[in-house]
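Since the structure comes first, as structure tokens, the remarks are kept for the end.
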Amino acid sequence: MNVLPIEKQTQISSPLVEGNSIRAIARMVGVEHKTVMRVLLRVGENCADLLDSKMQDLPCKIMQADEIWTYVGKHERFVTGKDNPVEVGDQYVFVAMDSETKLIPCFRVGKRNAENTWFFVQDLQERLAGRVQLTTDGFRPYLNAVDDAFGIDVDYAMLIKTYPDSSTQDRRYSPGEFVNALPMPVAGNPKPSLISTSHIERQNLTMRMQLRRFTRLTNAFSKKLSHLKAACALHFAHYNFCRIHQTLRVTPAMAAGIADHIFSIEEISNLIRGSARMAA
């Protein structure tokens, strides 16, 4: 069996976090696209383990949460009875961000339903060290999920955004014109000036730019749910530990005090120890 050199694995991992597609990386590095996907799965698994171990007892104070849409295999309207309804069709990435350090403490990939919302909020609560102010959009399952996870130990508010009635407009790709954003305190005593989802929505743009499979109107969508989860784990590990944030001058992990240096791509993916015997 051929063993893919660690240097080659690094050459594959680096462009993955810069928005390059699977087949483009295969052409640049000189390997088969299936090799790129195997490296992605292994590195994504290592990154998920890294995030799970490092994101504990976080000193975050101001949290924002949102969901970003994508799909696996096909759009939801094309899903048939022969497809697995859990793994095929529309998928959402639930993401939480600390407004001060820009740290992403947790994420969850799955359907936009009450179950995934509950597990996402539970995961977020378990990673925080103290009381936080939390802002989400108007997705109603957040109400029960936040109450079950935090109880009264949270300052929670929703930001309800309104748009024109789409039924009165011609169908188009772009969203309707923004009308208004109504802050709605739900629990505790959230500060009105901190009720916002601007930072997490900007993170959504970063994902669109840095994850090729999130680019709209292309054929670079995810073909399997496992690859989508691996790509997200790699992206968030690189974002938290490797990428210097423009407004912070350090990485989010350093700003949050859970890292003392800028990680390399080899460190976050644990390539040397975890993937040294990757088959080519």
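We name chains A, B, ... following the order of the structure tokens; residues begin at 1 in each chain, and ligands are numbered from 1 as shown.
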
Worksheet entry | Contacts of Gln64 in chain A at 10 Å (only C-alpha atoms; same-chain gap of 5+ positions) as a VMD selection string | chain A and resid 95 to 99 102 104 133 to 137 156 to 158 194 to 201

Discussion item. Considering only C-alpha atoms, can you say which of A:Ile22, A:Pro164, A:Gln122, A:Leu217 comes closest to Arg38 in chain A?
Written reply: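 Ranking A:Ile22, A:Pro164, A:Gln122, A:Leu217 by distance to Arg38 in chain A, first place goes to A:Ile22.
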
Item to complete: Would you return as a ChimeraX atom specification the members of range 29-277 of chain A that DSSP assigns to strand (DSSP E or B) on this structure's backbone?
Response: /A:58,62-72,89-98,107-110,128,133-136,155-162,180-187,222

Worksheet item: Any idea what's packed within 12 Å of Gln91 in chain A, counting only C-alpha atoms, ignoring anything in its chain fewer than 3 positions away? Could you give it as a ChimeraX atom specification?
Response: /A:67-76,85-88,94,108-113,116,214,221-226,228-229

Can you write just those residues out, N, CA and C atoms, as a PDB file, in the first residue's frame?
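File produced: result22.pdb:
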```pdb
ATOM      1  N   GLU A  67     -27.857  30.218  12.158  1.00  0.00           N
ATOM      2  CA  GLU A  67     -27.752  29.032  11.325  1.00  0.00           C
ATOM      3  C   GLU A  67     -27.471  29.474   9.888  1.00  0.00           C
ATOM      4  N   ILE A  68     -26.636  28.706   9.202  1.00  0.00           N
ATOM      5  CA  ILE A  68     -26.336  28.974   7.802  1.00  0.00           C
ATOM      6  C   ILE A  68     -26.776  27.772   6.978  1.00  0.00           C
ATOM      7  N   TRP A  69     -27.417  28.041   5.853  1.00  0.00           N
ATOM      8  CA  TRP A  69     -28.012  26.981   5.031  1.00  0.00           C
ATOM      9  C   TRP A  69     -27.021  26.428   4.025  1.00  0.00           C
ATOM     10  N   THR A  70     -27.113  25.127   3.792  1.00  0.00           N
ATOM     11  CA  THR A  70     -26.444  24.468   2.686  1.00  0.00           C
ATOM     12  C   THR A  70     -27.254  23.220   2.362  1.00  0.00           C
ATOM     13  N   TYR A  71     -26.724  22.349   1.544  1.00  0.00           N
ATOM     14  CA  TYR A  71     -27.447  21.111   1.251  1.00  0.00           C
ATOM     15  C   TYR A  71     -26.457  20.010   0.912  1.00  0.00           C
ATOM     16  N   VAL A  72     -26.928  18.779   1.026  1.00  0.00           N
ATOM     17  CA  VAL A  72     -26.109  17.600   0.728  1.00  0.00           C
ATOM     18  C   VAL A  72     -26.794  16.796  -0.362  1.00  0.00           C
ATOM     19  N   GLY A  73     -26.103  16.587  -1.454  1.00  0.00           N
ATOM     20  CA  GLY A  73     -26.623  15.744  -2.533  1.00  0.00           C
ATOM     21  C   GLY A  73     -27.584  16.435  -3.467  1.00  0.00           C
ATOM     22  N   LYS A  74     -28.624  17.023  -2.901  1.00  0.00           N
ATOM     23  CA  LYS A  74     -29.662  17.670  -3.711  1.00  0.00           C
ATOM     24  C   LYS A  74     -30.466  18.616  -2.831  1.00  0.00           C
ATOM     25  N   HIS A  75     -31.175  19.535  -3.481  1.00  0.00           N
ATOM     26  CA  HIS A  75     -32.058  20.421  -2.734  1.00  0.00           C
ATOM     27  C   HIS A  75     -33.213  19.622  -2.133  1.00  0.00           C
ATOM     28  N   GLU A  76     -33.783  20.172  -1.079  1.00  0.00           N
ATOM     29  CA  GLU A  76     -34.825  19.465  -0.341  1.00  0.00           C
ATOM     30  C   GLU A  76     -36.012  19.101  -1.222  1.00  0.00           C
ATOM     31  N   PRO A  85     -33.642  10.779   4.534  1.00  0.00           N
ATOM     32  CA  PRO A  85     -34.085  12.148   4.798  1.00  0.00           C
ATOM     33  C   PRO A  85     -33.206  12.903   5.787  1.00  0.00           C
ATOM     34  N   VAL A  86     -32.414  12.187   6.571  1.00  0.00           N
ATOM     35  CA  VAL A  86     -31.539  12.833   7.542  1.00  0.00           C
ATOM     36  C   VAL A  86     -30.255  13.328   6.886  1.00  0.00           C
ATOM     37  N   GLU A  87     -29.721  12.561   5.938  1.00  0.00           N
ATOM     38  CA  GLU A  87     -28.415  12.869   5.368  1.00  0.00           C
ATOM     39  C   GLU A  87     -28.471  13.551   4.013  1.00  0.00           C
ATOM     40  N   VAL A  88     -29.642  13.612   3.395  1.00  0.00           N
ATOM     41  CA  VAL A  88     -29.772  14.198   2.062  1.00  0.00           C
ATOM     42  C   VAL A  88     -30.720  15.381   2.128  1.00  0.00           C
ATOM     43  N   PHE A  94     -25.471  25.164  12.650  1.00  0.00           N
ATOM     44  CA  PHE A  94     -25.723  26.017  13.805  1.00  0.00           C
ATOM     45  C   PHE A  94     -24.365  26.475  14.345  1.00  0.00           C
ATOM     46  N   ARG A 108     -22.979  22.816  15.106  1.00  0.00           N
ATOM     47  CA  ARG A 108     -23.692  21.561  14.885  1.00  0.00           C
ATOM     48  C   ARG A 108     -24.252  21.552  13.466  1.00  0.00           C
ATOM     49  N   VAL A 109     -24.081  20.434  12.780  1.00  0.00           N
ATOM     50  CA  VAL A 109     -24.562  20.278  11.409  1.00  0.00           C
ATOM     51  C   VAL A 109     -25.766  19.357  11.423  1.00  0.00           C
ATOM     52  N   GLY A 110     -26.860  19.770  10.801  1.00  0.00           N
ATOM     53  CA  GLY A 110     -28.053  18.931  10.732  1.00  0.00           C
ATOM     54  C   GLY A 110     -29.244  19.701  10.223  1.00  0.00           C
ATOM     55  N   LYS A 111     -30.387  19.077  10.331  1.00  0.00           N
ATOM     56  CA  LYS A 111     -31.625  19.712   9.890  1.00  0.00           C
ATOM     57  C   LYS A 111     -31.986  20.860  10.837  1.00  0.00           C
ATOM     58  N   ARG A 112     -32.667  21.834  10.311  1.00  0.00           N
ATOM     59  CA  ARG A 112     -33.100  22.989  11.125  1.00  0.00           C
ATOM     60  C   ARG A 112     -34.407  22.630  11.822  1.00  0.00           C
ATOM     61  N   ASN A 113     -34.268  21.912  12.933  1.00  0.00           N
ATOM     62  CA  ASN A 113     -35.433  21.472  13.678  1.00  0.00           C
ATOM     63  C   ASN A 113     -35.178  21.632  15.172  1.00  0.00           C
ATOM     64  N   ASN A 116     -32.104  19.319  16.765  1.00  0.00           N
ATOM     65  CA  ASN A 116     -30.740  19.813  16.582  1.00  0.00           C
ATOM     66  C   ASN A 116     -30.516  21.129  17.315  1.00  0.00           C
ATOM     67  N   PHE A 214     -19.775  25.712   0.290  1.00  0.00           N
ATOM     68  CA  PHE A 214     -20.844  26.630   0.659  1.00  0.00           C
ATOM     69  C   PHE A 214     -21.090  27.702  -0.402  1.00  0.00           C
ATOM     70  N   PHE A 221     -21.163  21.570  -4.160  1.00  0.00           N
ATOM     71  CA  PHE A 221     -21.887  21.254  -2.930  1.00  0.00           C
ATOM     72  C   PHE A 221     -21.407  19.918  -2.356  1.00  0.00           C
ATOM     73  N   SER A 222     -21.766  19.672  -1.109  1.00  0.00           N
ATOM     74  CA  SER A 222     -21.373  18.427  -0.441  1.00  0.00           C
ATOM     75  C   SER A 222     -22.169  17.263  -1.003  1.00  0.00           C
ATOM     76  N   LYS A 223     -21.475  16.152  -1.239  1.00  0.00           N
ATOM     77  CA  LYS A 223     -22.142  14.948  -1.736  1.00  0.00           C
ATOM     78  C   LYS A 223     -22.495  13.980  -0.607  1.00  0.00           C
ATOM     79  N   LYS A 224     -21.786  14.117   0.535  1.00  0.00           N
ATOM     80  CA  LYS A 224     -22.054  13.278   1.697  1.00  0.00           C
ATOM     81  C   LYS A 224     -22.039  14.139   2.947  1.00  0.00           C
ATOM     82  N   LEU A 225     -22.896  13.792   3.908  1.00  0.00           N
ATOM     83  CA  LEU A 225     -22.974  14.545   5.150  1.00  0.00           C
ATOM     84  C   LEU A 225     -21.680  14.444   5.947  1.00  0.00           C
ATOM     85  N   SER A 226     -21.014  13.307   5.890  1.00  0.00           N
ATOM     86  CA  SER A 226     -19.760  13.136   6.633  1.00  0.00           C
ATOM     87  C   SER A 226     -18.692  14.106   6.146  1.00  0.00           C
ATOM     88  N   LEU A 228     -19.284  17.050   4.753  1.00  0.00           N
ATOM     89  CA  LEU A 228     -19.692  18.383   5.192  1.00  0.00           C
ATOM     90  C   LEU A 228     -19.270  18.631   6.635  1.00  0.00           C
ATOM     91  N   LYS A 229     -19.486  17.658   7.504  1.00  0.00           N
ATOM     92  CA  LYS A 229     -19.107  17.806   8.907  1.00  0.00           C
ATOM     93  C   LYS A 229     -17.595  17.914   9.055  1.00  0.00           C
TER      94      LYS A 229
END
```

Practice prompt. May I have all residues of range 28-274 of chain A that DSSP, computed from the backbone, assigns to alpha helix (DSSP H), given as a PyMOL selection string?
Written response: chain A and resi 28-29+33-54+114-127+141-150+198-210+225-241+252-255+265-269+271-274

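We find CA of Ala187 in chain A and CA of Asp147 in chain A to be spaced 8.4 Å apart.
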
Fill in: Residue neighbourhood Asp148 in chain A, 12 Å, only C-alpha atoms, exclusion window fewer than 5 positions, as a ChimeraX atom specification
/A:117-123,125,141-143,153-154

Worksheet entry | Separation of CA of Asn240 in chain A from CA of Leu58 in chain A in Å | 13.1 Å

Fill in: For Glu267 in chain A, the nearest of the candidates A:Ile25, A:Ala149, A:Leu50, A:Cys232, counting only C-alpha atoms
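Between A:Ile25, A:Ala149, A:Leu50, A:Cys232, the residue approaching Glu267 in chain A most closely is A:Leu50.
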
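Distance check against Asn189 in chain A using only C-alpha atoms: of A:Arg140, A:Leu51, A:Glu177, A:Arg131, the minimum falls on A:Arg131.
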
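Between Ile244 in chain A and the residues A:Ala231, A:Leu103, A:Leu159, A:Met28, the shortest atom-to-atom distance, using only C-alpha atoms, involves A:Leu103.
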